[in-house]
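For reference, the structure discussed in these notes is given below.
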Amino acid sequence: MSNLSSIARPYAFAAFEYARDKQQLPIWKDFLESASYLAQQTAIVKLLANPELSPAKMLDFFHEILARQLNEERKNFLSLLAQNKRLNVLPDIADTFNAYYAALEKTSHVRVITAVEAKEDFQQQLSRALTKLTQRKITLECEVDPSIIGGAIVHVGDRVIDGSIRGKLIRLLNNLTS
Amino acid sequence: MQVKQLSPTEISELIKQRIEHFDLRPEVRTEGTIVSVKDGVVRLYGLADVMQGEMIEFSEHTYGLALNLERDSVGAVILGRTEHLSEGQTAKCTGRILEVPVGEALLGRVVDALGNPIDGKGVLQTNQTSPIEKVAPGVIFRQPVTQPVQTGLKAIDAMVPIGRGQRELIIGDRQTGKTAIAIDTIINQRNTGVKCIYVAIGQKASSIAAVVRKLEEHNALKHTIIVVATASDPAAMQYIAPYAGCAMGEYFRDKGEDALIIYDDLTKQAWAYRQISLLLRRPPGREAYPGDIFYLHSRLLERASRVNADYVEKMTEGKVKGKTGSLTALPVIETQAGDVSAFVPTNVISITDGQIFLETDLFNAGIRPAINAGLSVSRVGGAAQTKIIKKYAGGVRLALAQFRELAAFSQFMSDLDEATRKQLERGQRITEVMKQKQYMPLSVAEEATILFAADQGYLDDVPLNRIAVFEQELNTYLLSNYKEFVDSINQTGTLNDEIVQTLRTILESFKANQTWD
């Protein structure tokens with residue numbers, strides 16, 4: 001979601017293709033998510049922006065913390081990032097990697113916003129309907145926002161299906177005042 | 001209790017209708033997020049389905065225009081206020097391209113580049129809209145230019161005639177009378193049925209107000225639409241204003257009427273587009289203009305055309321038959337220090353069907369309109385000129401061009417031979433005849449009479465400094481004594497022996513009986 005995605009794309013694509021060919025996609029996914037989480041910590045963001053700290057030191061630091069998830073290739077991946085001073089791009093790399101992964105697995109992440117807590121059977125019903133609509137496996141993420149009054153808003157990627165009472169009222173308002 | 005002002009949309013019948021037709025199904029839309037807002041340009045993340053030129057809706061009824069579709073982001077210009085937009089807000093696709101209101105109701109109104117009225121005369125009584133970007137009519141729907149647009153200026157109607165459907169460029173430095181020609185032309189369309197659209201781009205609001213006032217004074221506002229993007233409007237508005245005006249003009253063309261559009265001026269529009277392009281990080285080319293600056297003007301001016309009856313019938317779905325339509329364009333270009341070989345002037349010169357070239361030196365020498373006869377041409381207007389003017393103005397342009405050359409040369413010579421002296425004498429008289437005051441457009445008959453007088457030597461014994469008075473008195477004499485003759489020429493513009501004889505009688509009796517000293 002920033003200007004770094006152009007930089008992140010080739011790294012993510014290379015990592016994805018490598019992992020897919022070696023059939024290590026889940027491991028790489030976990031590794032990138034941990035690394036991304038690490039790179040997002042305020043202290044680390046500050047460290048990464050500090051020009052006095054050498055890339056080698058930073059790399060050692062990453063290696064130490066992520067030691068359990070590393071093998072030779074993943075170590076090399078991190079070294080490459082450190083060498084190119086791109087460790088701060090890790091969150092974008094992880095996002096792009098996940099997008100490739102989801103496209104391969106034909107899964108979609110769906111955000112559902114409702115006015116009151118969505119019940120279990122409603123969630124299941126919704127996820128069945130959306131699976132049919134999108135022809136993909138669905139992972140639901142439910143949020144509650146009382147300000148939408150009623151109904152639900154469904155986000156699938158860029159696409160938004162707005163069935164909320166608030167949305168309808170706004171449209172009615174626009175329709176009457178235009 | 002004080003009742004608040006009711007708006008016309010608050011009539012219960014209307015509200016009922018709208019409630020009835022309200023679509024209650026969930027809305028499906030594509031959303032994106034604003035990454036940055038700066039200098040009237042937004043960068044958006046997401047919006048994977050957006051199309052080039054599509055309208056994007058931001059919060060609080062602000063709209064944008066998607067111009068750059070890149071790998072990770074979409075670059076768009078904002079049409080209107082930008083203060084309330086900030087990073088992280090959502091924006092959605094509308095699936096529509098920008099439209100402006102069109103129709104008869106716009107005549108006599110002043111609107112902004114989006115078609116919103118800004119003259120305080122209330123809402124526009126029209127529900128028709130038209131997209132601002134349209135493809136120009138194709139080859140088979142076109143027809144040659146054969147009817148004239150009378151500008152009412154002797155110099156133009158005689159030397160660089162303009163036909164309906166033509167594109168004639170008005171080019172010159174600042175303060176050479178470019179706008180004056182445009183305004184006189186609009187005023188002269190009062191009784192011709194030609195609808196006028198004046199698009200003011202990047203001008204001072206005070207100048208525009210002055211134009212509106214002048215048109216009102218001369219009773220010429222009621223057939224005119226004024227589209228305004230002032231110097232203080234965002235660059236995006238200045239960029240789209242000509243297209244919006246063109247859409248309003250095409251409405252008249254497409255229903256078999258004649259319209260005239262003036263773009264005042266396209267240099268400022270090119271500047272606005274250059275600003276937008278550079279902010280969108282498109283690569284700069286010559287004079288820092290983007291690569292598609294030629295297309296910017298060519299696609300606009302290509303929409304000015306004369307269309308045949310089939311096209312009009314097709315566009316009106318058979319309601320109007322056997323009528324041709326036209327949209328005449330008079331683009332204005334401002335040059336810097338007379339440099340016509342700069343990028344934008346050369347582009348527009350090559351697109352248009354001729355140009356009226358105005359010069360500072362001539363203007364300062366008191367020759368107004370300050371038309372340079374040598375550099376001004378009309379490539380298609382000759383076919384549209386009225387017979388009578390064509391006959392007596394035939395030699396004017398060439399004579400004037402030669403005279404200017406000769407006049408410069410003759411300054412070095414002490415004594416001149418008879419032929420040269422005569423040519424100079426004639427040139428001086430024609431120069432004098434071509435002068436005309438602002439806001440005083442002439443009818444075809446008036447123009448024809450003075451051109452006839454000059455051509456047939458009736459002015460040879462009139463002192464140079466009395467020619468203007470002579471002409472003025474002649475016109476008064478003409479209108480008071482030969483009203484029918486004037487009307488018939490204004491309507492037909494034909495030429496025959498009888499008319500020539502009448503013209504002779506008029507001039508001889510005028511010279512014998514009237515005074516002009």
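Chain labels A, B, ... are given in the sequence in which chains occur in the structure tokens; within each chain residues are numbered consecutively from 1, and ligands are likewise numbered from 1 in the order shown.
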*Given a cut-off of 10 Å, which residues of chain A touch chain B, counting only C-alpha atoms, written out as a VMD selection string?*
chain A and resid 1 to 6 9 151 to 165 167 to 169 171 to 172 174 to 178
*asked:* Can you pull out the residues contacting stretch 168-173 of chain B? Cut-off 10 Å, using only C-alpha atoms, and skip same-chain residues under 3 positions away; I want them as a PyMOL selection string.
replied: chain B and resi 160-163+165+176-179+181-182+262-265+301+328-340+345+348-360+370-372+376-381
What would the file look like if the residues just selected were written as a short mmCIF file (atom, residue, chain, number, x, y, z; two decimals), in the first residue's frame with N, CA and C atoms?
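Produced file out_7.cif, reproduced below:
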data_model
loop_
_atom_site.label_atom_id
_atom_site.label_comp_id
_atom_site.auth_asym_id
_atom_site.auth_seq_id
_atom_site.Cartn_x
_atom_site.Cartn_y
_atom_site.Cartn_z
N VAL B 160 -9.85 36.86 -45.46
CA VAL B 160 -9.75 35.49 -44.95
C VAL B 160 -11.15 35.00 -44.58
N PRO B 161 -12.01 34.77 -45.57
CA PRO B 161 -13.39 34.38 -45.27
C PRO B 161 -13.47 33.07 -44.49
N ILE B 162 -14.45 32.98 -43.62
CA ILE B 162 -14.63 31.79 -42.80
C ILE B 162 -15.95 31.11 -43.20
N GLY B 163 -15.89 29.80 -43.37
CA GLY B 163 -17.10 29.05 -43.73
C GLY B 163 -17.64 28.28 -42.55
N GLY B 165 -18.32 25.37 -40.36
CA GLY B 165 -17.67 24.08 -40.23
C GLY B 165 -16.16 24.17 -40.35
N THR B 176 -3.30 42.33 -29.09
CA THR B 176 -3.36 42.66 -30.51
C THR B 176 -4.78 42.57 -31.05
N GLY B 177 -5.73 42.33 -30.14
CA GLY B 177 -7.13 42.33 -30.56
C GLY B 177 -7.69 40.98 -30.96
N LYS B 178 -7.12 39.89 -30.39
CA LYS B 178 -7.61 38.55 -30.72
C LYS B 178 -9.03 38.35 -30.20
N THR B 179 -9.23 38.67 -28.91
CA THR B 179 -10.56 38.51 -28.32
C THR B 179 -11.56 39.44 -28.98
N ILE B 181 -11.82 40.32 -32.06
CA ILE B 181 -12.34 39.69 -33.28
C ILE B 181 -13.40 38.66 -32.92
N ALA B 182 -13.08 37.85 -31.89
CA ALA B 182 -14.02 36.80 -31.47
C ALA B 182 -15.33 37.41 -31.02
N ILE B 262 -15.62 29.44 -29.81
CA ILE B 262 -14.36 30.17 -29.72
C ILE B 262 -13.60 29.66 -28.50
N TYR B 263 -12.38 29.19 -28.71
CA TYR B 263 -11.55 28.73 -27.60
C TYR B 263 -10.54 29.83 -27.29
N ASP B 264 -10.74 30.52 -26.19
CA ASP B 264 -9.90 31.68 -25.91
C ASP B 264 -9.13 31.47 -24.60
N ASP B 265 -7.91 30.97 -24.49
CA ASP B 265 -7.16 30.57 -25.65
C ASP B 265 -6.53 29.20 -25.39
N LEU B 301 -10.16 19.95 -32.23
CA LEU B 301 -10.52 20.74 -33.41
C LEU B 301 -11.15 19.88 -34.50
N THR B 328 -18.39 25.57 -36.24
CA THR B 328 -17.22 26.32 -36.70
C THR B 328 -16.36 26.62 -35.48
N ALA B 329 -15.07 26.41 -35.59
CA ALA B 329 -14.21 26.68 -34.44
C ALA B 329 -13.26 27.84 -34.73
N LEU B 330 -13.16 28.74 -33.79
CA LEU B 330 -12.17 29.81 -33.87
C LEU B 330 -11.24 29.68 -32.67
N PRO B 331 -10.22 28.82 -32.76
CA PRO B 331 -9.29 28.73 -31.65
C PRO B 331 -8.41 29.97 -31.61
N VAL B 332 -8.02 30.35 -30.42
CA VAL B 332 -7.13 31.51 -30.26
C VAL B 332 -5.81 31.02 -29.69
N ILE B 333 -4.72 31.50 -30.25
CA ILE B 333 -3.39 31.15 -29.72
C ILE B 333 -2.63 32.45 -29.47
N GLU B 334 -2.04 32.53 -28.30
CA GLU B 334 -1.23 33.72 -28.00
C GLU B 334 0.23 33.39 -28.21
N THR B 335 0.91 34.20 -29.03
CA THR B 335 2.34 33.95 -29.27
C THR B 335 3.16 34.83 -28.34
N GLN B 336 4.41 34.47 -28.16
CA GLN B 336 5.34 35.28 -27.37
C GLN B 336 6.25 36.01 -28.34
N ALA B 337 6.19 37.34 -28.32
CA ALA B 337 7.03 38.17 -29.19
C ALA B 337 6.95 37.76 -30.66
N GLY B 338 5.74 37.47 -31.10
CA GLY B 338 5.51 37.17 -32.51
C GLY B 338 6.10 35.88 -33.01
N ASP B 339 6.46 34.98 -32.10
CA ASP B 339 7.12 33.74 -32.49
C ASP B 339 6.09 32.68 -32.88
N VAL B 340 5.79 32.61 -34.19
CA VAL B 340 4.80 31.60 -34.62
C VAL B 340 5.43 30.23 -34.78
N PRO B 345 1.94 26.95 -31.27
CA PRO B 345 1.45 27.65 -32.45
C PRO B 345 1.61 26.85 -33.74
N VAL B 348 -1.02 24.02 -33.88
CA VAL B 348 -2.40 24.43 -34.14
C VAL B 348 -2.53 25.01 -35.55
N ILE B 349 -1.49 25.69 -36.04
CA ILE B 349 -1.53 26.19 -37.42
C ILE B 349 -1.70 25.01 -38.37
N SER B 350 -1.00 23.92 -38.10
CA SER B 350 -1.07 22.79 -39.01
C SER B 350 -2.40 22.05 -38.92
N ILE B 351 -3.08 22.17 -37.78
CA ILE B 351 -4.37 21.48 -37.63
C ILE B 351 -5.49 22.27 -38.30
N THR B 352 -5.46 23.59 -38.16
CA THR B 352 -6.59 24.39 -38.61
C THR B 352 -6.60 24.60 -40.12
N ASP B 353 -7.72 25.16 -40.62
CA ASP B 353 -7.88 25.40 -42.05
C ASP B 353 -7.48 26.84 -42.40
N GLY B 354 -6.53 27.40 -41.69
CA GLY B 354 -6.10 28.76 -41.98
C GLY B 354 -5.93 29.54 -40.71
N GLN B 355 -5.31 30.74 -40.84
CA GLN B 355 -5.12 31.53 -39.63
C GLN B 355 -5.26 33.02 -39.90
N ILE B 356 -5.69 33.73 -38.87
CA ILE B 356 -5.73 35.18 -38.93
C ILE B 356 -4.59 35.63 -38.03
N PHE B 357 -3.58 36.24 -38.66
CA PHE B 357 -2.38 36.58 -37.92
C PHE B 357 -2.40 38.07 -37.56
N LEU B 358 -2.37 38.35 -36.27
CA LEU B 358 -2.45 39.74 -35.81
C LEU B 358 -1.06 40.20 -35.34
N GLU B 359 -0.74 41.46 -35.66
CA GLU B 359 0.60 41.95 -35.36
C GLU B 359 0.58 43.20 -34.48
N THR B 360 1.51 43.23 -33.54
CA THR B 360 1.60 44.37 -32.63
C THR B 360 1.91 45.67 -33.37
N ALA B 370 -5.68 44.37 -36.55
CA ALA B 370 -4.28 44.40 -36.98
C ALA B 370 -3.90 43.15 -37.75
N ILE B 371 -4.63 42.89 -38.84
CA ILE B 371 -4.42 41.64 -39.58
C ILE B 371 -3.26 41.77 -40.55
N ASN B 372 -2.32 40.85 -40.46
CA ASN B 372 -1.22 40.79 -41.42
C ASN B 372 -1.73 40.06 -42.65
N SER B 376 -1.87 35.83 -43.21
CA SER B 376 -3.20 35.29 -42.91
C SER B 376 -3.77 34.59 -44.13
N VAL B 377 -4.29 33.40 -43.93
CA VAL B 377 -4.93 32.67 -45.04
C VAL B 377 -6.17 31.96 -44.55
N SER B 378 -7.03 31.62 -45.49
CA SER B 378 -8.17 30.76 -45.19
C SER B 378 -8.18 29.71 -46.27
N ARG B 379 -7.97 28.45 -45.88
CA ARG B 379 -7.78 27.43 -46.90
C ARG B 379 -9.08 26.93 -47.51
N VAL B 380 -10.19 27.05 -46.80
CA VAL B 380 -11.44 26.55 -47.37
C VAL B 380 -12.52 27.61 -47.48
N GLY B 381 -12.33 28.75 -46.81
CA GLY B 381 -13.39 29.75 -46.73
C GLY B 381 -13.78 30.35 -48.07
#
*Taking the chain letters and numbering used in this document, name the residues of stretch 5-156 of chain A that DSSP puts in strand (DSSP E), as a list in words.*
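The strand (DSSP E) subset of stretch 5-156 of chain A is Thr107, Ser108, His109, Val110, Arg111, Val112, Ile113, Thr114, Lys137, Ile138, Thr139, Leu140, Glu141, Cys142, Glu143, Val144, Ala152, Ile153, Val154, His155 and Val156 of chain A.
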With only C-alpha atoms as the counted atoms, please give the residues lying no more than 6 Å from stretch 210-227 of chain B, apart from itself and same-chain residues fewer than 3 positions off, as a tab-separated table (two decimals) with C-alpha atoms, in the first residue's frame.
chain	number	residue	atom	x	y	z
B	107	LEU	CA	-27.96	29.78	-24.12
B	108	GLY	CA	-27.51	33.07	-22.35
B	109	ARG	CA	-25.82	31.40	-19.40
B	110	VAL	CA	-22.36	31.42	-17.91
B	111	VAL	CA	-21.19	27.98	-16.76
B	112	ASP	CA	-18.00	26.46	-15.42
B	187	ILE	CA	-22.18	39.96	-31.91
B	190	ARG	CA	-27.37	38.01	-33.60
B	195	LYS	CA	-25.44	29.66	-31.78
B	196	CYS	CA	-22.18	30.74	-30.18
B	197	ILE	CA	-20.07	29.21	-27.44
B	198	TYR	CA	-17.30	31.26	-25.92
B	199	VAL	CA	-14.84	29.17	-23.92
B	207	SER	CA	-11.90	40.11	-18.37
*asked:* Report, in Å to a single decimal, how far apart atom CA of B:Leu478 and atom CA of B:Glu446 are.
replied: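 About the pair atom CA of B:Glu446 and atom CA of B:Leu478: they are 7.9 Å apart.
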*Using only C-alpha atoms: which of B:Arg164, B:Lys154, B:Arg81, B:Arg421 has the shortest distance to B:Tyr392*: B:Lys154
*Going by DSSP on the backbone, which bits of chain A are helix (DSSP H, G or I)? Write them as a ChimeraX atom specification, please.*
/A:5-22,25-40,42-49,55-65,67-69,72-83,87-105,120-134,146-148,165-177
Write out, as a CSV table (one decimal), in the first residue's frame, the residues just selected, with C-alpha atoms.
chain,number,residue,atom,x,y,z
A,5,SER,CA,5.3,-2.3,-4.1
A,6,SER,CA,7.2,-1.9,-7.4
A,7,ILE,CA,10.4,-2.7,-5.5
A,8,ALA,CA,8.8,-5.6,-3.6
A,9,ARG,CA,7.4,-7.3,-6.7
A,10,PRO,CA,10.5,-8.9,-8.2
A,11,TYR,CA,11.7,-10.1,-4.7
A,12,ALA,CA,8.3,-11.6,-3.9
A,13,PHE,CA,7.9,-13.2,-7.3
A,14,ALA,CA,11.4,-14.8,-7.1
A,15,ALA,CA,10.7,-16.1,-3.6
A,16,PHE,CA,7.3,-17.3,-4.7
A,17,GLU,CA,8.5,-19.2,-7.8
A,18,TYR,CA,11.4,-20.7,-5.8
A,19,ALA,CA,9.2,-21.8,-3.0
A,20,ARG,CA,6.6,-23.2,-5.4
A,21,ASP,CA,9.2,-25.2,-7.3
A,22,LYS,CA,10.7,-26.6,-4.1
A,25,LEU,CA,5.2,-22.5,0.0
A,26,PRO,CA,3.8,-22.7,3.6
A,27,ILE,CA,7.2,-22.5,5.2
A,28,TRP,CA,8.2,-19.5,3.1
A,29,LYS,CA,4.9,-17.9,3.8
A,30,ASP,CA,5.4,-18.2,7.6
A,31,PHE,CA,9.0,-17.0,7.2
A,32,LEU,CA,8.1,-13.9,5.3
A,33,GLU,CA,5.2,-13.1,7.6
A,34,SER,CA,7.5,-13.3,10.7
A,35,ALA,CA,10.2,-11.3,8.9
A,36,SER,CA,7.6,-8.7,7.9
A,37,TYR,CA,6.2,-8.5,11.4
A,38,LEU,CA,9.7,-8.0,12.7
A,39,ALA,CA,10.5,-5.2,10.1
A,40,GLN,CA,7.3,-3.4,11.1
A,42,THR,CA,8.8,0.7,15.6
A,43,ALA,CA,12.3,0.1,17.0
A,44,ILE,CA,13.4,-1.9,14.0
A,45,VAL,CA,11.9,0.7,11.6
A,46,LYS,CA,14.1,3.3,13.3
A,47,LEU,CA,17.1,1.0,13.2
A,48,LEU,CA,16.6,0.3,9.5
A,49,ALA,CA,16.5,4.1,8.8
A,55,PRO,CA,23.8,-3.8,6.6
A,56,ALA,CA,25.8,-6.7,8.0
A,57,LYS,CA,24.9,-5.9,11.6
A,58,MET,CA,21.3,-5.6,10.7
A,59,LEU,CA,21.5,-9.0,8.9
A,60,ASP,CA,23.0,-10.7,11.9
A,61,PHE,CA,20.2,-9.3,14.0
A,62,PHE,CA,17.5,-10.7,11.6
A,63,HIS,CA,19.3,-14.0,11.5
A,64,GLU,CA,19.4,-14.3,15.2
A,65,ILE,CA,15.8,-13.6,15.8
A,67,ALA,CA,17.0,-18.5,13.4
A,68,ARG,CA,14.4,-21.2,13.8
A,69,GLN,CA,12.8,-20.5,10.5
A,72,GLU,CA,20.5,-21.7,3.7
A,73,GLU,CA,18.2,-20.3,1.0
A,74,ARG,CA,16.2,-18.1,3.3
A,75,LYS,CA,19.4,-16.9,4.8
A,76,ASN,CA,20.6,-16.0,1.3
A,77,PHE,CA,17.3,-14.2,0.7
A,78,LEU,CA,17.8,-12.1,3.7
A,79,SER,CA,21.4,-11.4,2.9
A,80,LEU,CA,20.4,-10.2,-0.6
A,81,LEU,CA,17.9,-7.8,0.9
A,82,ALA,CA,20.4,-6.5,3.4
A,83,GLN,CA,23.0,-6.1,0.7
A,87,LEU,CA,15.1,-5.0,4.5
A,88,ASN,CA,12.4,-2.2,5.0
A,89,VAL,CA,10.5,-3.6,2.0
A,90,LEU,CA,9.8,-6.9,3.8
A,91,PRO,CA,6.2,-6.1,4.6
A,92,ASP,CA,5.4,-5.3,1.0
A,93,ILE,CA,7.2,-8.5,-0.1
A,94,ALA,CA,5.1,-10.5,2.3
A,95,ASP,CA,1.9,-8.9,1.0
A,96,THR,CA,2.8,-9.5,-2.6
A,97,PHE,CA,3.9,-13.0,-1.8
A,98,ASN,CA,0.6,-13.7,-0.1
A,99,ALA,CA,-1.3,-12.3,-3.1
A,100,TYR,CA,0.5,-14.7,-5.4
A,101,TYR,CA,-0.1,-17.6,-3.0
A,102,ALA,CA,-3.8,-16.8,-2.8
A,103,ALA,CA,-4.0,-16.6,-6.6
A,104,LEU,CA,-2.4,-20.1,-6.8
A,105,GLU,CA,-4.6,-21.6,-4.2
A,120,GLU,CA,-22.2,-18.5,13.0
A,121,ASP,CA,-24.9,-19.7,10.6
A,122,PHE,CA,-25.0,-16.3,8.8
A,123,GLN,CA,-21.3,-16.5,8.3
A,124,GLN,CA,-21.5,-19.9,6.8
A,125,GLN,CA,-24.4,-18.9,4.6
A,126,LEU,CA,-22.4,-15.8,3.5
A,127,SER,CA,-19.3,-17.7,2.8
A,128,ARG,CA,-21.2,-20.3,0.7
A,129,ALA,CA,-22.8,-17.5,-1.4
A,130,LEU,CA,-19.5,-15.8,-1.8
A,131,THR,CA,-17.7,-19.0,-2.8
A,132,LYS,CA,-20.3,-19.4,-5.5
A,133,LEU,CA,-20.0,-15.8,-6.6
A,134,THR,CA,-16.2,-15.6,-6.7
A,146,PRO,CA,-22.7,-0.1,14.4
A,147,SER,CA,-22.6,3.1,12.3
A,148,ILE,CA,-23.7,1.2,9.2
A,165,ILE,CA,-28.7,0.6,5.4
A,166,ARG,CA,-26.3,3.5,5.7
A,167,GLY,CA,-25.2,3.1,2.1
A,168,LYS,CA,-28.8,2.9,0.9
A,169,LEU,CA,-29.7,6.0,2.9
A,170,ILE,CA,-26.8,7.9,1.4
A,171,ARG,CA,-27.8,6.9,-2.0
A,172,LEU,CA,-31.4,7.8,-1.3
A,173,LEU,CA,-30.2,11.2,-0.1
A,174,ASN,CA,-28.1,11.7,-3.2
A,175,ASN,CA,-31.0,10.6,-5.4
A,176,LEU,CA,-33.4,13.0,-3.8
A,177,THR,CA,-31.1,16.0,-3.8
